[in-house]
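Text of protein01.pdb, listed as PDB, C-alpha atoms and all ligand atoms:
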```pdb
MODEL        1
ATOM      1  CA  MET A 267     -27.168  37.722 -96.792
ATOM      2  CA  THR A 268     -30.400  38.873 -95.184
ATOM      3  CA  ASP A 269     -30.063  41.235 -92.208
ATOM      4  CA  ARG A 270     -31.731  39.781 -89.137
ATOM      5  CA  TYR A 271     -33.951  41.480 -86.541
ATOM      6  CA  ALA A 272     -36.081  40.210 -83.667
ATOM      7  CA  VAL A 273     -38.351  41.284 -80.837
ATOM      8  CA  PHE A 274     -37.697  39.941 -77.336
ATOM      9  CA  GLY A 275     -40.372  39.736 -74.660
ATOM     10  CA  ASN A 276     -42.165  37.507 -72.165
ATOM     11  CA  PRO A 277     -44.868  36.827 -73.136
ATOM     12  CA  ILE A 278     -44.314  37.435 -76.855
ATOM     13  CA  GLY A 279     -46.954  35.330 -78.608
ATOM     14  CA  HIS A 280     -49.330  38.306 -78.996
ATOM     15  CA  SER A 281     -46.684  40.585 -80.546
ATOM     16  CA  GLN A 282     -47.699  42.385 -83.746
ATOM     17  CA  SER A 283     -44.110  43.505 -84.401
ATOM     18  CA  PRO A 284     -43.115  40.702 -86.837
ATOM     19  CA  ARG A 285     -46.164  41.475 -88.958
ATOM     20  CA  ILE A 286     -45.599  45.238 -88.842
ATOM     21  CA  HIS A 287     -41.927  44.964 -89.810
ATOM     22  CA  ALA A 288     -42.685  42.446 -92.571
ATOM     23  CA  LEU A 289     -45.162  44.965 -94.039
ATOM     24  CA  PHE A 290     -42.593  47.790 -93.732
ATOM     25  CA  ALA A 291     -39.903  45.646 -95.418
ATOM     26  CA  ALA A 292     -42.194  44.672 -98.309
ATOM     27  CA  GLN A 293     -43.272  48.272 -98.810
ATOM     28  CA  THR A 294     -39.717  49.696 -98.823
ATOM     29  CA  GLY A 295     -38.007  46.780-100.598
ATOM     30  CA  GLN A 296     -35.674  46.102 -97.664
ATOM     31  CA  ASP A 297     -34.263  42.580 -97.425
ATOM     32  CA  ILE A 298     -34.663  41.750 -93.732
ATOM     33  CA  SER A 299     -36.006  38.974 -91.534
ATOM     34  CA  TYR A 300     -37.779  39.700 -88.231
ATOM     35  CA  GLN A 301     -38.773  37.096 -85.658
ATOM     36  CA  ALA A 302     -40.402  37.046 -82.221
ATOM     37  CA  ILE A 303     -38.274  35.487 -79.467
ATOM     38  CA  LEU A 304     -39.573  34.427 -76.068
ATOM     39  CA  ALA A 305     -36.789  35.050 -73.534
ATOM     40  CA  GLU A 306     -36.752  33.480 -70.086
ATOM     41  CA  ARG A 307     -37.471  36.046 -67.367
ATOM     42  CA  ASN A 308     -33.880  35.804 -66.121
ATOM     43  CA  GLY A 309     -32.407  35.052 -69.544
ATOM     44  CA  PHE A 310     -32.743  38.240 -71.609
ATOM     45  CA  ALA A 311     -29.016  38.933 -72.160
ATOM     46  CA  ALA A 312     -28.362  35.266 -72.974
ATOM     47  CA  ALA A 313     -31.203  35.277 -75.516
ATOM     48  CA  VAL A 314     -29.776  38.377 -77.207
ATOM     49  CA  ASP A 315     -26.308  36.769 -77.290
ATOM     50  CA  ALA A 316     -27.732  33.600 -78.834
ATOM     51  CA  PHE A 317     -29.624  35.594 -81.467
ATOM     52  CA  VAL A 318     -26.504  37.550 -82.423
ATOM     53  CA  ALA A 319     -24.312  34.434 -82.545
ATOM     54  CA  ALA A 320     -26.565  32.101 -84.507
ATOM     55  CA  GLY A 321     -28.247  32.524 -87.870
ATOM     56  CA  GLU A 322     -27.686  32.838 -91.588
ATOM     57  CA  GLY A 323     -27.267  36.584 -91.970
ATOM     58  CA  PRO A 324     -25.874  39.284 -89.671
ATOM     59  CA  ALA A 325     -27.940  40.313 -86.637
ATOM     60  CA  ARG A 326     -28.506  44.078 -87.020
ATOM     61  CA  GLY A 327     -31.000  44.958 -84.337
ATOM     62  CA  ALA A 328     -33.825  44.077 -82.001
ATOM     63  CA  ASN A 329     -36.922  45.458 -80.370
ATOM     64  CA  VAL A 330     -37.498  44.870 -76.692
ATOM     65  CA  THR A 331     -40.842  44.719 -74.941
ATOM     66  CA  VAL A 332     -42.256  43.892 -71.504
ATOM     67  CA  PRO A 333     -40.555  43.050 -69.134
ATOM     68  CA  PHE A 334     -37.063  43.651 -70.540
ATOM     69  CA  LYS A 335     -36.890  47.364 -71.424
ATOM     70  CA  GLU A 336     -34.953  48.320 -68.279
ATOM     71  CA  GLU A 337     -32.591  45.382 -68.704
ATOM     72  CA  ALA A 338     -32.027  46.364 -72.335
ATOM     73  CA  PHE A 339     -31.140  49.836 -71.060
ATOM     74  CA  ARG A 340     -28.402  48.320 -68.894
ATOM     75  CA  LEU A 341     -27.235  45.975 -71.674
ATOM     76  CA  ALA A 342     -26.615  48.819 -74.134
ATOM     77  CA  ALA A 343     -23.058  50.118 -74.053
ATOM     78  CA  GLN A 344     -24.182  53.384 -75.684
ATOM     79  CA  ARG A 345     -27.588  55.042 -75.373
ATOM     80  CA  THR A 346     -29.352  57.862 -77.200
ATOM     81  CA  PRO A 347     -30.515  60.918 -75.204
ATOM     82  CA  ARG A 348     -34.147  59.850 -75.557
ATOM     83  CA  ALA A 349     -33.286  56.398 -74.160
ATOM     84  CA  GLU A 350     -31.447  58.064 -71.263
ATOM     85  CA  ALA A 351     -34.498  60.200 -70.526
ATOM     86  CA  ALA A 352     -36.854  57.215 -70.730
ATOM     87  CA  GLY A 353     -34.638  55.055 -68.502
ATOM     88  CA  ALA A 354     -35.611  52.205 -70.816
ATOM     89  CA  VAL A 355     -34.671  50.847 -74.230
ATOM     90  CA  ASN A 356     -37.069  49.370 -76.799
ATOM     91  CA  THR A 357     -34.689  49.392 -79.791
ATOM     92  CA  LEU A 358     -31.226  47.868 -79.968
ATOM     93  CA  SER A 359     -28.774  48.250 -82.852
ATOM     94  CA  PHE A 360     -25.817  45.892 -83.173
ATOM     95  CA  GLU A 361     -22.957  47.837 -84.731
ATOM     96  CA  ALA A 362     -19.419  46.505 -85.021
ATOM     97  CA  GLY A 363     -19.737  44.479 -81.834
ATOM     98  CA  ALA A 364     -21.294  47.338 -79.851
ATOM     99  CA  ILE A 365     -24.883  47.439 -78.626
ATOM    100  CA  ILE A 366     -26.591  50.827 -79.001
ATOM    101  CA  GLY A 367     -29.825  51.435 -77.101
ATOM    102  CA  ASP A 368     -32.607  53.743 -78.253
ATOM    103  CA  ASN A 369     -36.203  54.382 -77.249
ATOM    104  CA  THR A 370     -38.762  55.089 -79.978
ATOM    105  CA  ASP A 371     -41.929  54.913 -77.832
ATOM    106  CA  GLY A 372     -42.229  58.662 -77.203
ATOM    107  CA  ALA A 373     -41.459  59.533 -80.816
ATOM    108  CA  GLY A 374     -44.133  57.003 -81.821
ATOM    109  CA  LEU A 375     -46.729  58.658 -79.604
ATOM    110  CA  VAL A 376     -45.879  62.155 -80.847
ATOM    111  CA  ARG A 377     -45.985  61.040 -84.478
ATOM    112  CA  ASP A 378     -49.331  59.307 -83.998
ATOM    113  CA  LEU A 379     -50.734  62.447 -82.376
ATOM    114  CA  LYS A 380     -49.417  64.832 -85.029
ATOM    115  CA  HIS A 381     -49.649  62.851 -88.253
ATOM    116  CA  ASN A 382     -52.495  60.394 -87.736
ATOM    117  CA  LEU A 383     -54.752  62.270 -85.319
ATOM    118  CA  GLY A 384     -54.079  65.890 -86.308
ATOM    119  CA  CYS A 385     -53.355  66.725 -82.671
ATOM    120  CA  ASP A 386     -50.161  68.776 -82.435
ATOM    121  CA  PRO A 387     -48.989  68.884 -78.783
ATOM    122  CA  ALA A 388     -47.544  72.372 -79.364
ATOM    123  CA  GLY A 389     -49.367  74.946 -77.274
ATOM    124  CA  ARG A 390     -51.688  72.366 -75.695
ATOM    125  CA  ARG A 391     -52.324  71.816 -72.012
ATOM    126  CA  ILE A 392     -51.304  68.184 -71.554
ATOM    127  CA  LEU A 393     -52.285  65.843 -68.732
ATOM    128  CA  LEU A 394     -50.231  62.649 -68.492
ATOM    129  CA  LEU A 395     -51.805  59.978 -66.268
ATOM    130  CA  GLY A 396     -49.392  57.549 -64.615
ATOM    131  CA  ALA A 397     -45.789  57.707 -63.450
ATOM    132  CA  GLY A 398     -44.442  54.255 -64.355
ATOM    133  CA  GLY A 399     -42.270  53.168 -67.274
ATOM    134  CA  ALA A 400     -44.858  53.957 -69.960
ATOM    135  CA  ALA A 401     -45.288  57.529 -68.701
ATOM    136  CA  ARG A 402     -41.573  58.135 -68.241
ATOM    137  CA  GLY A 403     -40.871  57.090 -71.839
ATOM    138  CA  VAL A 404     -42.989  59.856 -73.359
ATOM    139  CA  ILE A 405     -42.195  62.846 -71.131
ATOM    140  CA  LEU A 406     -39.142  64.204 -72.938
ATOM    141  CA  PRO A 407     -40.593  63.791 -76.470
ATOM    142  CA  LEU A 408     -43.771  65.599 -75.304
ATOM    143  CA  LEU A 409     -41.798  68.418 -73.656
ATOM    144  CA  LEU A 410     -39.769  68.887 -76.841
ATOM    145  CA  GLU A 411     -43.023  69.599 -78.724
ATOM    146  CA  ASP A 412     -43.436  72.797 -76.720
ATOM    147  CA  PRO A 413     -46.767  72.228 -74.954
ATOM    148  CA  ALA A 414     -48.357  75.057 -72.950
ATOM    149  CA  GLU A 415     -48.308  72.847 -69.862
ATOM    150  CA  LEU A 416     -47.494  69.284 -68.799
ATOM    151  CA  VAL A 417     -49.082  67.882 -65.659
ATOM    152  CA  ILE A 418     -48.207  64.352 -64.508
ATOM    153  CA  ALA A 419     -50.933  62.875 -62.270
ATOM    154  CA  ASN A 420     -50.624  59.532 -60.538
ATOM    155  CA  ARG A 421     -52.475  57.405 -57.972
ATOM    156  CA  THR A 422     -49.339  57.584 -55.817
ATOM    157  CA  GLU A 423     -48.788  61.329 -55.713
ATOM    158  CA  GLU A 424     -45.199  61.097 -54.520
ATOM    159  CA  THR A 425     -44.107  59.134 -57.611
ATOM    160  CA  ALA A 426     -45.564  61.794 -59.919
ATOM    161  CA  ALA A 427     -43.926  64.596 -57.938
ATOM    162  CA  ARG A 428     -40.559  62.825 -58.036
ATOM    163  CA  LEU A 429     -40.812  62.151 -61.785
ATOM    164  CA  ALA A 430     -41.745  65.771 -62.555
ATOM    165  CA  LEU A 431     -38.852  67.023 -60.452
ATOM    166  CA  GLU A 432     -36.443  64.622 -62.113
ATOM    167  CA  PHE A 433     -37.348  65.935 -65.573
ATOM    168  CA  ALA A 434     -37.341  69.536 -64.408
ATOM    169  CA  ASN A 435     -33.788  69.021 -63.165
ATOM    170  CA  SER A 436     -32.338  66.827 -65.874
ATOM    171  CA  PHE A 437     -33.681  67.602 -69.345
ATOM    172  CA  SER A 438     -31.616  70.755 -69.752
ATOM    173  CA  ARG A 439     -28.461  68.628 -69.524
ATOM    174  CA  LEU A 440     -29.419  66.553 -72.564
ATOM    175  CA  PRO A 441     -28.019  67.634 -75.927
ATOM    176  CA  GLY A 442     -30.470  69.676 -77.981
ATOM    177  CA  CYS A 443     -32.926  70.166 -75.125
ATOM    178  CA  THR A 444     -34.174  73.694 -74.624
ATOM    179  CA  VAL A 445     -37.515  72.873 -73.121
ATOM    180  CA  GLY A 446     -39.696  75.825 -72.182
ATOM    181  CA  VAL A 447     -42.111  74.100 -69.848
ATOM    182  CA  THR A 448     -41.491  72.549 -66.446
ATOM    183  CA  PRO A 449     -43.634  69.494 -65.698
ATOM    184  CA  ASP A 450     -45.777  69.488 -62.589
ATOM    185  CA  GLY A 451     -46.543  66.320 -60.576
ATOM    186  CA  MET A 452     -49.631  65.624 -58.443
ATOM    187  CA  GLY A 453     -52.161  63.074 -57.227
ATOM    188  CA  PHE A 454     -55.610  62.710 -58.836
ATOM    189  CA  PRO A 455     -57.335  64.972 -56.236
ATOM    190  CA  GLY A 456     -55.117  67.838 -57.457
ATOM    191  CA  LEU A 457     -56.923  67.703 -60.816
ATOM    192  CA  ALA A 458     -60.189  69.099 -59.416
ATOM    193  CA  GLY A 459     -61.273  72.063 -61.539
ATOM    194  CA  ARG A 460     -58.350  71.709 -63.960
ATOM    195  CA  ALA A 461     -58.862  71.448 -67.753
ATOM    196  CA  PHE A 462     -56.604  70.001 -70.473
ATOM    197  CA  ASP A 463     -56.576  69.829 -74.286
ATOM    198  CA  LEU A 464     -54.804  66.482 -74.434
ATOM    199  CA  VAL A 465     -55.162  63.747 -71.791
ATOM    200  CA  ILE A 466     -52.890  60.713 -72.162
ATOM    201  CA  ASN A 467     -53.496  57.582 -70.123
ATOM    202  CA  ALA A 468     -50.143  55.905 -69.454
ATOM    203  CA  THR A 469     -51.387  53.956 -66.419
ATOM    204  CA  SER A 470     -51.934  50.216 -66.619
ATOM    205  CA  ALA A 471     -55.376  50.656 -64.996
ATOM    206  CA  GLY A 472     -57.170  49.807 -68.251
ATOM    207  CA  LEU A 473     -55.620  46.331 -68.290
ATOM    208  CA  SER A 474     -57.484  45.431 -65.081
ATOM    209  CA  GLY A 475     -60.609  47.401 -65.997
ATOM    210  CA  ALA A 476     -60.025  49.841 -63.118
ATOM    211  CA  VAL A 477     -61.692  53.262 -63.270
ATOM    212  CA  LEU A 478     -59.456  56.289 -62.687
ATOM    213  CA  PRO A 479     -60.913  58.903 -60.293
ATOM    214  CA  LEU A 480     -60.824  61.743 -62.843
ATOM    215  CA  PRO A 481     -62.971  64.866 -62.505
ATOM    216  CA  THR A 482     -64.958  65.493 -65.725
ATOM    217  CA  SER A 483     -63.376  68.951 -65.864
ATOM    218  CA  VAL A 484     -60.044  67.526 -67.089
ATOM    219  CA  PHE A 485     -61.518  67.014 -70.574
ATOM    220  CA  ALA A 486     -61.674  70.553 -71.997
ATOM    221  CA  PRO A 487     -63.883  71.242 -75.039
ATOM    222  CA  ARG A 488     -62.361  69.590 -78.177
ATOM    223  CA  CYS A 489     -60.025  67.570 -75.934
ATOM    224  CA  VAL A 490     -58.190  64.565 -77.348
ATOM    225  CA  ALA A 491     -58.055  61.589 -74.967
ATOM    226  CA  TYR A 492     -55.296  59.095 -75.752
ATOM    227  CA  GLU A 493     -55.276  55.602 -74.252
ATOM    228  CA  MET A 494     -51.879  53.899 -74.632
ATOM    229  CA  VAL A 495     -53.462  50.465 -74.313
ATOM    230  CA  TYR A 496     -54.906  49.052 -77.543
ATOM    231  CA  GLY A 497     -57.178  46.196 -78.547
ATOM    232  CA  ARG A 498     -59.851  46.906 -75.925
ATOM    233  CA  VAL A 499     -62.163  49.648 -74.754
ATOM    234  CA  THR A 500     -60.973  50.779 -71.329
ATOM    235  CA  PRO A 501     -62.919  52.650 -68.618
ATOM    236  CA  PHE A 502     -60.736  55.714 -69.396
ATOM    237  CA  MET A 503     -61.964  55.677 -73.005
ATOM    238  CA  ASN A 504     -65.574  55.513 -71.799
ATOM    239  CA  GLN A 505     -65.008  58.346 -69.315
ATOM    240  CA  ALA A 506     -63.483  60.478 -72.074
ATOM    241  CA  ARG A 507     -66.275  59.699 -74.538
ATOM    242  CA  ASP A 508     -68.892  60.570 -71.917
ATOM    243  CA  ALA A 509     -67.159  63.940 -71.530
ATOM    244  CA  ASP A 510     -67.312  64.509 -75.343
ATOM    245  CA  ALA A 511     -63.557  64.101 -75.845
ATOM    246  CA  ARG A 512     -62.166  62.653 -79.076
ATOM    247  CA  VAL A 513     -60.777  59.217 -78.153
ATOM    248  CA  ALA A 514     -57.837  57.282 -79.603
ATOM    249  CA  ASP A 515     -56.213  54.034 -78.510
ATOM    250  CA  GLY A 516     -52.529  53.047 -78.647
ATOM    251  CA  LEU A 517     -52.519  51.083 -81.899
ATOM    252  CA  GLY A 518     -51.168  54.076 -83.821
ATOM    253  CA  MET A 519     -48.371  54.492 -81.279
ATOM    254  CA  LEU A 520     -47.479  50.808 -81.687
ATOM    255  CA  VAL A 521     -47.125  51.195 -85.462
ATOM    256  CA  GLU A 522     -45.317  54.531 -85.229
ATOM    257  CA  GLN A 523     -42.737  53.348 -82.656
ATOM    258  CA  ALA A 524     -42.042  50.423 -84.995
ATOM    259  CA  ALA A 525     -41.659  52.793 -87.962
ATOM    260  CA  GLU A 526     -39.209  54.901 -85.965
ATOM    261  CA  ALA A 527     -37.176  51.763 -85.101
ATOM    262  CA  PHE A 528     -37.236  50.740 -88.782
ATOM    263  CA  PHE A 529     -35.936  54.201 -89.667
ATOM    264  CA  VAL A 530     -33.172  53.951 -87.028
ATOM    265  CA  TRP A 531     -32.049  50.606 -88.474
ATOM    266  CA  ARG A 532     -32.592  51.061 -92.220
ATOM    267  CA  GLY A 533     -32.503  54.854 -92.779
ATOM    268  CA  VAL A 534     -35.861  54.571 -94.584
ATOM    269  CA  ARG A 535     -39.154  55.827 -93.167
ATOM    270  CA  PRO A 536     -42.039  53.512 -94.116
ATOM    271  CA  HIS A 537     -45.574  54.751 -94.744
ATOM    272  CA  THR A 538     -47.550  53.827 -91.669
ATOM    273  CA  ALA A 539     -51.122  54.497 -92.861
ATOM    274  CA  PRO A 540     -51.524  51.252 -94.872
ATOM    275  CA  VAL A 541     -49.977  49.215 -92.057
ATOM    276  CA  LEU A 542     -52.242  50.789 -89.450
ATOM    277  CA  ALA A 543     -55.228  50.115 -91.728
ATOM    278  CA  ALA A 544     -54.188  46.460 -92.142
ATOM    279  CA  LEU A 545     -53.919  46.024 -88.361
ATOM    280  CA  LYS A 546     -57.265  47.705 -87.756
ATOM    281  CA  ALA A 547     -58.894  45.485 -90.377
ATOM    282  CA  SER A 548     -57.852  42.353 -88.501
TER
HETATM  283  P1  LIG A 601     -45.845  50.599 -67.033
HETATM  284  O1  LIG A 601     -44.490  50.147 -67.467
HETATM  285  O2  LIG A 601     -46.994  50.084 -67.855
HETATM  286  O3  LIG A 601     -45.909  52.080 -66.865
HETATM  287  P2  LIG A 601     -45.637  50.371 -64.176
HETATM  288  O4  LIG A 601     -44.270  50.932 -64.218
HETATM  289  O5  LIG A 601     -45.941  49.219 -63.276
HETATM  290  O6  LIG A 601     -46.103  49.895 -65.620
HETATM  291  O7  LIG A 601     -46.648  51.576 -63.833
HETATM  292  C1  LIG A 601     -48.028  51.392 -63.776
HETATM  293  C2  LIG A 601     -48.688  52.771 -63.630
HETATM  294  O8  LIG A 601     -50.107  52.603 -63.669
HETATM  295  C3  LIG A 601     -48.376  53.480 -62.337
HETATM  296  O9  LIG A 601     -48.402  54.869 -62.565
HETATM  297  C4  LIG A 601     -49.541  53.032 -61.443
HETATM  298  O10 LIG A 601     -49.814  53.919 -60.372
HETATM  299  P3  LIG A 601     -49.009  53.776 -58.959
HETATM  300  O11 LIG A 601     -47.675  54.435 -59.159
HETATM  301  O12 LIG A 601     -49.855  54.471 -57.968
HETATM  302  O13 LIG A 601     -48.885  52.289 -58.696
HETATM  303  C5  LIG A 601     -50.655  53.085 -62.444
HETATM  304  N1  LIG A 601     -51.802  52.240 -62.072
HETATM  305  C6  LIG A 601     -51.880  50.894 -62.151
HETATM  306  N2  LIG A 601     -53.099  50.467 -61.749
HETATM  307  C7  LIG A 601     -53.810  51.570 -61.406
HETATM  308  C8  LIG A 601     -55.129  51.814 -60.918
HETATM  309  N3  LIG A 601     -55.979  50.807 -60.693
HETATM  310  N4  LIG A 601     -55.504  53.086 -60.687
HETATM  311  C9  LIG A 601     -54.655  54.103 -60.891
HETATM  312  N5  LIG A 601     -53.391  53.961 -61.357
HETATM  313  C10 LIG A 601     -52.977  52.712 -61.606
ENDMDL
END
```
Let me see the structure of the file written as structure tokens.
Ligand code: ATR
Amino acid sequence: MTDRYAVFGNPIGHSQSPRIHALFAAQTGQDISYQAILAERNGFAAAVDAFVAAGEGPARGANVTVPFKEEAFRLAAQRTPRAEAAGAVNTLSFEAGAIIGDNTDGAGLVRDLKHNLGCDPAGRRILLLGAGGAARGVILPLLLEDPAELVIANRTEETAARLALEFANSFSRLPGCTVGVTPDGMGFPGLAGRAFDLVINATSAGLSGAVLPLPTSVFAPRCVAYEMVYGRVTPFMNQARDADARVADGLGMLVEQAAEAFFVWRGVRPHTAPVLAALKAS
């Protein structure tokens, strides 16, 4: 019997996850199926139930994307520390009737930075732009890499300040967390004159083509600028390029978060380079 997996979202038609996981399965010789499921906006839990109940083989797990990551967090009876820190779940495992929630987004970002881009966060001054769900999901994994500094800057200053304080107060309670750096939260005006070695855009501004009011100083010499959005050139990427930063988009993070989920489910870590190359080629 083939183990079954799926990704739930709304919309879901654009999802690359079925293709990515099919490539991982072929490469590692794992016998799995993986489908994309469009869930109604108020029907996420019912869609998961239906997926688990129906089908040829056993349902083993699922990925969750926009807008259901917070609901998946609540649906999971058990959660990993990194899911707790993210406040959101993108990976579910169905084990003996229990639903376990994990979050592989931050691990995916860190792996893309370190292994694909040669940009180790350790010792770097990091600027994280945004204070919504995408930003929250990567804070703990970044802090665990031992950066020199982590500044969270957001259009709404108060949200960034609250998020920084929350992590400053809570990460030390998570198992295995001995983080040496305390994040700082501010509005964009607070960035004047500041310089960073790694600037990560976790705002959704790029989706609407909005320009972030960033001083050029934030891009230090040899800075890496990481845009979490993929499949388009955003104003942030242009700003970074104009300031001579090295620019990357979020396609690598997409593939790496999928690889981490595959590893969680199957205990096998697929090679991501050929999959990333296949996606880039199309
Ligand atoms: P996501 O899950 O993608 O993080 P979200 O939780 O809605 O989505 O958060 C969107 C983030 O992008 C927020 O940090 C938001 O800033 P505010 O907290 O001030 O709303 C940021 N954002 C969205 N559009 C923006 C814009 N035009 N300029 C600056 N920041 C923007």
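Listed by chain and then residue number, the contacts of ligand LIG 601 (chain A) are Val332, Leu395, Gly396, Ala397, Gly398, Gly399, Ala400, Ala401, Arg402, Asn420, Arg421, Thr422, Glu423, Thr425, Ala426, Ala468, Thr469, Ser470, Ala471, Gly472, Ser474, Gly475, Ala476, Val477, Leu478 and Pro479 of chain A (distance at most 8 Å, using all atoms listed in the file).
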Residues selected by the PyMOL selection byres (((chain A and resi 457-461) around 7) and not hetatm), written as a PyMOL selection string = chain A and resi 454-456+462+481+483-486
Picked residues, the PyMOL selection byres (((chain A and resi 491) around 8) and not hetatm), as an mmCIF file with C-alpha atoms, in the frame of the given file:
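Generated file (expr.cif):
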```cif
data_model
loop_
_atom_site.group_PDB
_atom_site.id
_atom_site.type_symbol
_atom_site.label_atom_id
_atom_site.label_comp_id
_atom_site.auth_asym_id
_atom_site.auth_seq_id
_atom_site.Cartn_x
_atom_site.Cartn_y
_atom_site.Cartn_z
ATOM 1 C CA LEU A 464 -54.804 66.482 -74.434
ATOM 2 C CA VAL A 465 -55.162 63.747 -71.791
ATOM 3 C CA ILE A 466 -52.890 60.713 -72.162
ATOM 4 C CA ASN A 467 -53.496 57.582 -70.123
ATOM 5 C CA PHE A 485 -61.518 67.014 -70.574
ATOM 6 C CA CYS A 489 -60.025 67.570 -75.934
ATOM 7 C CA VAL A 490 -58.190 64.565 -77.348
ATOM 8 C CA TYR A 492 -55.296 59.095 -75.752
ATOM 9 C CA GLU A 493 -55.276 55.602 -74.252
ATOM 10 C CA MET A 503 -61.964 55.677 -73.005
ATOM 11 C CA ALA A 506 -63.483 60.478 -72.074
ATOM 12 C CA ALA A 511 -63.557 64.101 -75.845
ATOM 13 C CA ARG A 512 -62.166 62.653 -79.076
ATOM 14 C CA VAL A 513 -60.777 59.217 -78.153
ATOM 15 C CA ALA A 514 -57.837 57.282 -79.603
#
```
note = A straight line from CA of Asp386 (chain A) to CA of Pro413 (chain A) spans 8.9 Å
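Among the candidate residues A:Ala419, A:Val404, A:Val495, A:Ile286, the one lying nearest to Thr370 (chain A) is A:Val404, with distances computed using only C-alpha atoms.
Put simply, CA of Ala364 (chain A) is 10.7 Å away from CA of Arg326 (chain A).
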